[in-house]
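Chemist: The structure under discussion is supplied below as structure tokens; questions concerning it will follow.
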Amino acid sequence: MAKTIELLLKTMSLMSLLLTMPAQAHHSFAAAYDENKPLNMEGVVTKVELTNPHSWLWVDITSEDGTVTNWGFEGGPPVNLFRNGVSKDSLPEGSEIRVFAYQAKSGENKGVAVFFEYLDGRKVFMGGSAPGADGNPRPNL
Amino acid sequence: MPKKILGFSTHSQTHEVIVSAFILFLMTDAVGQDSPPPSALINQQSEQTLEAARAASPHTSQSTYAYFEDEAKAFIENAIQYTWDPTAPRLTSKKTAWGDPDLGGYWLNIAYVPLERPEEYASNPLHTQEEAVTAFIQWTTRDAAVDPATVHYDWTEFGMDNWQSPIRPNRRTSLITSPTNGRVPALTPEGLARREAQSRRHTLESRGLYERCIQGNQGPPSVPFVQNTGQAQIIQTPDHVILITQANSDVRIFPLNGSNHAPETIRSYLGDSRGHWENDTLVVDTTNFHESRKWNGSSSGLQLEERFTRVDEKILLYEATLTDPSTWETPWSIEIPWPMMDAPRWLFEFACHEQNYGIINVLRGARARAAEYQTTQKVE
């Protein structure tokens, strides 16, 4: 096991090399969203749609002049959320969240959300009872 | 209550989609006949763009990795005890009540090993055990460290990173086992032309069957994509074997009764399959693929042989050989060990509703890019 740890440490020192490698591309994203329009927003959840193959979160955003607009954000597949113990009741309407996203290329009030998180920093879909989400290892093979 | 916009300004738009407008939209190519190249329709991320996005993000790759570090390390510690070694002796298969090899259960088609062998391993089809583990740790670490400039969601948050599954290290340096260079054989001129014609553009018809929710992305053949589509179930009877994949809930039925293939006029997306046992291995021959199927440029004349062998209590070995002389200059083969799925061991329904938003966003985005491309061309 000492050898394992040694390998781990060796790899961690490679982190700086790994960070710039792009993640796997997915079919919807390459055309739909604009890499030049990152969005950094906070708002209130108005609707959660757990539809395959992509979930959608709809969030009311209040601008500095008080105007409220509803934005939709694309996220990952419900099949995996279900597998991790997330249900349709896991994120109640009215929850306050932070979103880092990229806006749709069409310019609509839509985006793909890289990060959904509560205002205290917890990830929206990785808390609570989800196995493995609390930092404990999943059941072994 | 903090509800302010921290980044860019918003555009107030209502965008109710009514059925008639949607159909009209799908049928109309708003950009015209002068199509831009496919490369003009997707994200073009310059280093400058990437750095701007990283600067805008509230998180860095390092801080995201830190969030998952303990779980990722615990996963690695467990996984590296189960490195796949294709040279190791195989265990005797389990048997069903009626004496056939028992392939039944829930399996995950997943791999970190690339389909094609990277140049650096050109003459080296097998890692040492230590190299396999090192590569595995690198892949896992990269997955858990989400780059905020990927224009993609954080996969770990949705439980869909490969390391959040029973994926294991593998001594192979490519999934392709033949030809011996571990690369897809050269395309024939006809195959090359077909693949180019299949490029995704800004029209509905140019998008793939998976993207349009018509078919899953698990082939045949089953080449790993992402883990949320790799889940599969095998059900056996004395007369049939049934393979169900979570992706689009595709079902393939393999009759074992020695019957002939369907007539050539009957074509389907999943092809027409017949199976038989060779010792402990289920061998499945599939033909009669549909013309509109788009699998890496393959033609409807693809002849597919797949082999399923339970080589361990919790490993199903999947092998496939593709023969399609009008597409590739030689046949080629892949090998993927499928680990048994973690609990919960069942499939979830994958009713695909991409038409709700997805295909609309993709086509609108692609058409906006196409219009930009044409404007730019005119300016130049």
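Letters A, B, ... mark the chains of the structure tokens in the order given; residue numbers begin at 1 per chain; ligand numbers begin at 1, in order shown.
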Taking the chain letters and numbering used in this document, name the residues of stretch 220-271 of chain B that DSSP puts in helix (DSSP H, G or I), as a ChimeraX atom specification.

Modeler: /B:227-230,247-249

Chemist: Would you output that residue set with C-alpha atoms, as an mmCIF file, in the first residue's frame?

Modeler:
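In the end it all went to part_19.cif:
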```
data_model
loop_
_atom_site.group_PDB
_atom_site.id
_atom_site.type_symbol
_atom_site.label_atom_id
_atom_site.label_comp_id
_atom_site.auth_asym_id
_atom_site.auth_seq_id
_atom_site.Cartn_x
_atom_site.Cartn_y
_atom_site.Cartn_z
ATOM 1 C CA GLN B 227 -21.045 5.971 -17.933
ATOM 2 C CA ASN B 228 -24.635 7.146 -17.787
ATOM 3 C CA THR B 229 -25.259 5.459 -21.119
ATOM 4 C CA GLY B 230 -23.010 2.424 -20.561
ATOM 5 C CA ALA B 247 -29.137 4.572 -23.338
ATOM 6 C CA ASN B 248 -32.521 5.162 -24.923
ATOM 7 C CA SER B 249 -33.643 1.823 -23.436
#
```

Chemist: If we count only C-alpha atoms, what is near stretch 124-126 of chain A at a cut-off of 12 Å, once residues fewer than 3 positions away on the same chain are taken out, given as a PDB file with C-alpha atoms, in the first residue's frame?

Modeler:
```
ATOM      1  CA  VAL A  45     -35.046  28.166  -8.127  1.00  0.00           C
ATOM      2  CA  VAL A  48     -36.579  21.620 -11.599  1.00  0.00           C
ATOM      3  CA  SER A  55     -31.980  18.022 -16.352  1.00  0.00           C
ATOM      4  CA  LEU A  57     -33.083  24.179 -13.575  1.00  0.00           C
ATOM      5  CA  GLY A  75     -27.335  20.057 -16.314  1.00  0.00           C
ATOM      6  CA  GLY A  76     -26.536  16.382 -16.192  1.00  0.00           C
ATOM      7  CA  PRO A  77     -28.736  13.332 -16.700  1.00  0.00           C
ATOM      8  CA  PRO A  78     -31.423  12.412 -14.179  1.00  0.00           C
ATOM      9  CA  ASN A  80     -27.292   9.381 -12.713  1.00  0.00           C
ATOM     10  CA  LEU A  81     -28.910  11.687 -10.181  1.00  0.00           C
ATOM     11  CA  PHE A  82     -31.459   8.982  -9.362  1.00  0.00           C
ATOM     12  CA  ARG A  83     -28.668   6.442  -9.043  1.00  0.00           C
ATOM     13  CA  ASN A  84     -27.049   8.722  -6.482  1.00  0.00           C
ATOM     14  CA  GLY A  85     -30.187   9.085  -4.411  1.00  0.00           C
ATOM     15  CA  VAL A  86     -31.390  12.421  -5.752  1.00  0.00           C
ATOM     16  CA  SER A  87     -35.156  12.718  -6.237  1.00  0.00           C
ATOM     17  CA  LYS A  88     -37.506  15.329  -7.643  1.00  0.00           C
ATOM     18  CA  ASP A  89     -37.856  16.700  -4.117  1.00  0.00           C
ATOM     19  CA  SER A  90     -34.136  17.166  -3.496  1.00  0.00           C
ATOM     20  CA  LEU A  91     -34.025  20.785  -4.646  1.00  0.00           C
ATOM     21  CA  PRO A  92     -37.182  22.614  -3.555  1.00  0.00           C
ATOM     22  CA  SER A  95     -33.894  27.482  -2.940  1.00  0.00           C
ATOM     23  CA  GLU A  96     -31.242  30.134  -3.329  1.00  0.00           C
ATOM     24  CA  ILE A  97     -28.367  29.000  -5.499  1.00  0.00           C
ATOM     25  CA  ARG A  98     -25.316  30.266  -7.321  1.00  0.00           C
ATOM     26  CA  VAL A  99     -24.722  29.306 -10.942  1.00  0.00           C
ATOM     27  CA  ALA A 113     -24.395  25.344 -15.888  1.00  0.00           C
ATOM     28  CA  VAL A 114     -20.877  24.259 -15.020  1.00  0.00           C
ATOM     29  CA  PHE A 115     -21.483  24.672 -11.282  1.00  0.00           C
ATOM     30  CA  PHE A 116     -24.723  24.705  -9.313  1.00  0.00           C
ATOM     31  CA  GLU A 117     -24.149  25.408  -5.652  1.00  0.00           C
ATOM     32  CA  TYR A 118     -25.863  26.684  -2.551  1.00  0.00           C
ATOM     33  CA  LEU A 119     -24.645  30.012  -1.285  1.00  0.00           C
ATOM     34  CA  ASP A 120     -22.560  28.262   1.391  1.00  0.00           C
ATOM     35  CA  GLY A 121     -20.581  26.436  -1.293  1.00  0.00           C
ATOM     36  CA  SER A 129     -28.175  11.180   1.327  1.00  0.00           C
ATOM     37  CA  ALA A 130     -26.486  10.594  -2.025  1.00  0.00           C
ATOM     38  CA  PRO A 131     -24.091   7.659  -1.576  1.00  0.00           C
ATOM     39  CA  GLY A 132     -20.541   8.752  -2.194  1.00  0.00           C
ATOM     40  CA  ALA A 133     -21.590  12.377  -2.215  1.00  0.00           C
ATOM     41  CA  ASP A 134     -20.633  12.928   1.397  1.00  0.00           C
ATOM     42  CA  GLY A 135     -16.997  12.022   0.865  1.00  0.00           C
ATOM     43  CA  ASN A 136     -17.450   8.408   1.968  1.00  0.00           C
TER      44      ASN A 136
ATOM     45  CA  TYR B  67     -14.051  19.221  -3.070  1.00  0.00           C
ATOM     46  CA  PHE B  68     -13.861  15.611  -4.306  1.00  0.00           C
ATOM     47  CA  GLU B  71     -13.658  10.447  -2.431  1.00  0.00           C
ATOM     48  CA  ASP B 154     -19.377  19.634 -13.690  1.00  0.00           C
ATOM     49  CA  TRP B 155     -19.799  15.917 -14.309  1.00  0.00           C
ATOM     50  CA  THR B 156     -18.888  14.936 -10.774  1.00  0.00           C
ATOM     51  CA  GLU B 157     -21.814  16.938  -9.411  1.00  0.00           C
ATOM     52  CA  PHE B 158     -24.119  14.768 -11.498  1.00  0.00           C
ATOM     53  CA  GLY B 159     -22.388  11.518 -10.551  1.00  0.00           C
ATOM     54  CA  MET B 160     -21.411  10.799 -14.150  1.00  0.00           C
TER      55      MET B 160
END
```

Chemist: Using only C-alpha atoms, determine which residues of chain B fall within 6 Å of chain A; present them as a PyMOL selection string.

Modeler: chain B and resi 3-7+41-43+71+74+142+152-154+157-159+348+352-353+361-362+364-366

Chemist: Residues at most 10 Å from B:Asn124, counting only C-alpha atoms, excluding those fewer than 6 positions away in the same chain, as a VMD selection string?

Modeler: chain B and resid 117 to 118 172 to 174 180 to 182

Chemist: Just the number, please: distance in Å from atom CA of B:Val241 to atom CA of B:Ser292, one decimal.

Modeler: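 Going from atom CA of B:Val241 over to atom CA of B:Ser292 covers 26.2 Å.
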
Chemist: Smallest atom-to-atom distance to B:Arg90: which of B:Ile334, B:Val311, B:Ile359, B:Met340, using only C-alpha atoms?

Modeler: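 Closest to B:Arg90 of all the choices is B:Val311.
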
Chemist: Could you work out how far atom CA of B:Ile235 lies from atom CA of B:Leu322, giving the answer in Å with one decimal?

Modeler: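 Rounded to one decimal, the two atoms are 24.5 Å apart.
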
Chemist: Could you give me, as a list in words, the residues within 8 Å of B:Arg183, counting only C-alpha atoms and dropping anything in the same chain fewer than 5 positions from it?

Modeler: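 Residues meeting the cut-off are Leu115, Glu116, Arg117, Ile176 and Ser178 of chain B.
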
Chemist: Quick one: distance from atom CA of B:Ile336 to atom CA of B:Gln164 in Å, one decimal?

Modeler: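 Pair atom CA of B:Ile336 / atom CA of B:Gln164 returns 18.2 Å.
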
Chemist: Just the residues within 9 Å of B:Arg310, please, counting only C-alpha atoms, with nothing from its chain fewer than 6 positions along; format it as a list in words.

Modeler: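 In the requested format, the answer is Arg90, Leu91, Thr92, Ser93, Lys94, Pro101, Asp102, Leu103, Asp280, Thr281, Leu316, Leu317 and Tyr318 of chain B.
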
Chemist: Which neighbours of stretch 143-148 of chain B fall inside 6 Å, counting only C-alpha atoms, when residues of the same chain fewer than 6 positions from it are skipped, and could you give them as a short mmCIF file (atom, residue, chain, number, x, y, z; two decimals) with all heavy atoms, in the first residue's frame?

Modeler:
```
data_model
loop_
_atom_site.label_atom_id
_atom_site.label_comp_id
_atom_site.auth_asym_id
_atom_site.auth_seq_id
_atom_site.Cartn_x
_atom_site.Cartn_y
_atom_site.Cartn_z
N ARG B 54 -11.85 31.11 -17.26
CA ARG B 54 -11.33 30.69 -15.94
C ARG B 54 -11.33 31.87 -14.97
O ARG B 54 -11.62 31.72 -13.79
CB ARG B 54 -9.92 30.11 -16.09
CG ARG B 54 -9.92 28.77 -16.80
CD ARG B 54 -8.54 28.12 -16.81
NE ARG B 54 -8.58 26.93 -17.66
CZ ARG B 54 -7.90 26.79 -18.79
NH1 ARG B 54 -7.13 27.76 -19.22
NH2 ARG B 54 -8.00 25.69 -19.51
N SER B 61 -9.87 24.66 -11.14
CA SER B 61 -9.76 23.20 -11.18
C SER B 61 -9.27 22.68 -9.83
O SER B 61 -9.76 21.66 -9.33
CB SER B 61 -8.80 22.77 -12.27
OG SER B 61 -9.30 23.12 -13.53
N THR B 64 -12.07 22.69 -7.24
CA THR B 64 -13.07 21.65 -7.51
C THR B 64 -12.50 20.28 -7.16
O THR B 64 -13.19 19.45 -6.57
CB THR B 64 -13.48 21.67 -8.99
OG1 THR B 64 -13.85 22.98 -9.33
CG2 THR B 64 -14.65 20.74 -9.24
N TYR B 65 -11.24 20.06 -7.49
CA TYR B 65 -10.62 18.79 -7.13
C TYR B 65 -10.62 18.62 -5.61
O TYR B 65 -10.90 17.54 -5.10
CB TYR B 65 -9.19 18.71 -7.68
CG TYR B 65 -8.52 17.43 -7.28
CD1 TYR B 65 -8.88 16.23 -7.89
CD2 TYR B 65 -7.57 17.40 -6.26
CE1 TYR B 65 -8.29 15.04 -7.50
CE2 TYR B 65 -6.99 16.21 -5.87
CZ TYR B 65 -7.36 15.04 -6.49
OH TYR B 65 -6.80 13.86 -6.09
#
```
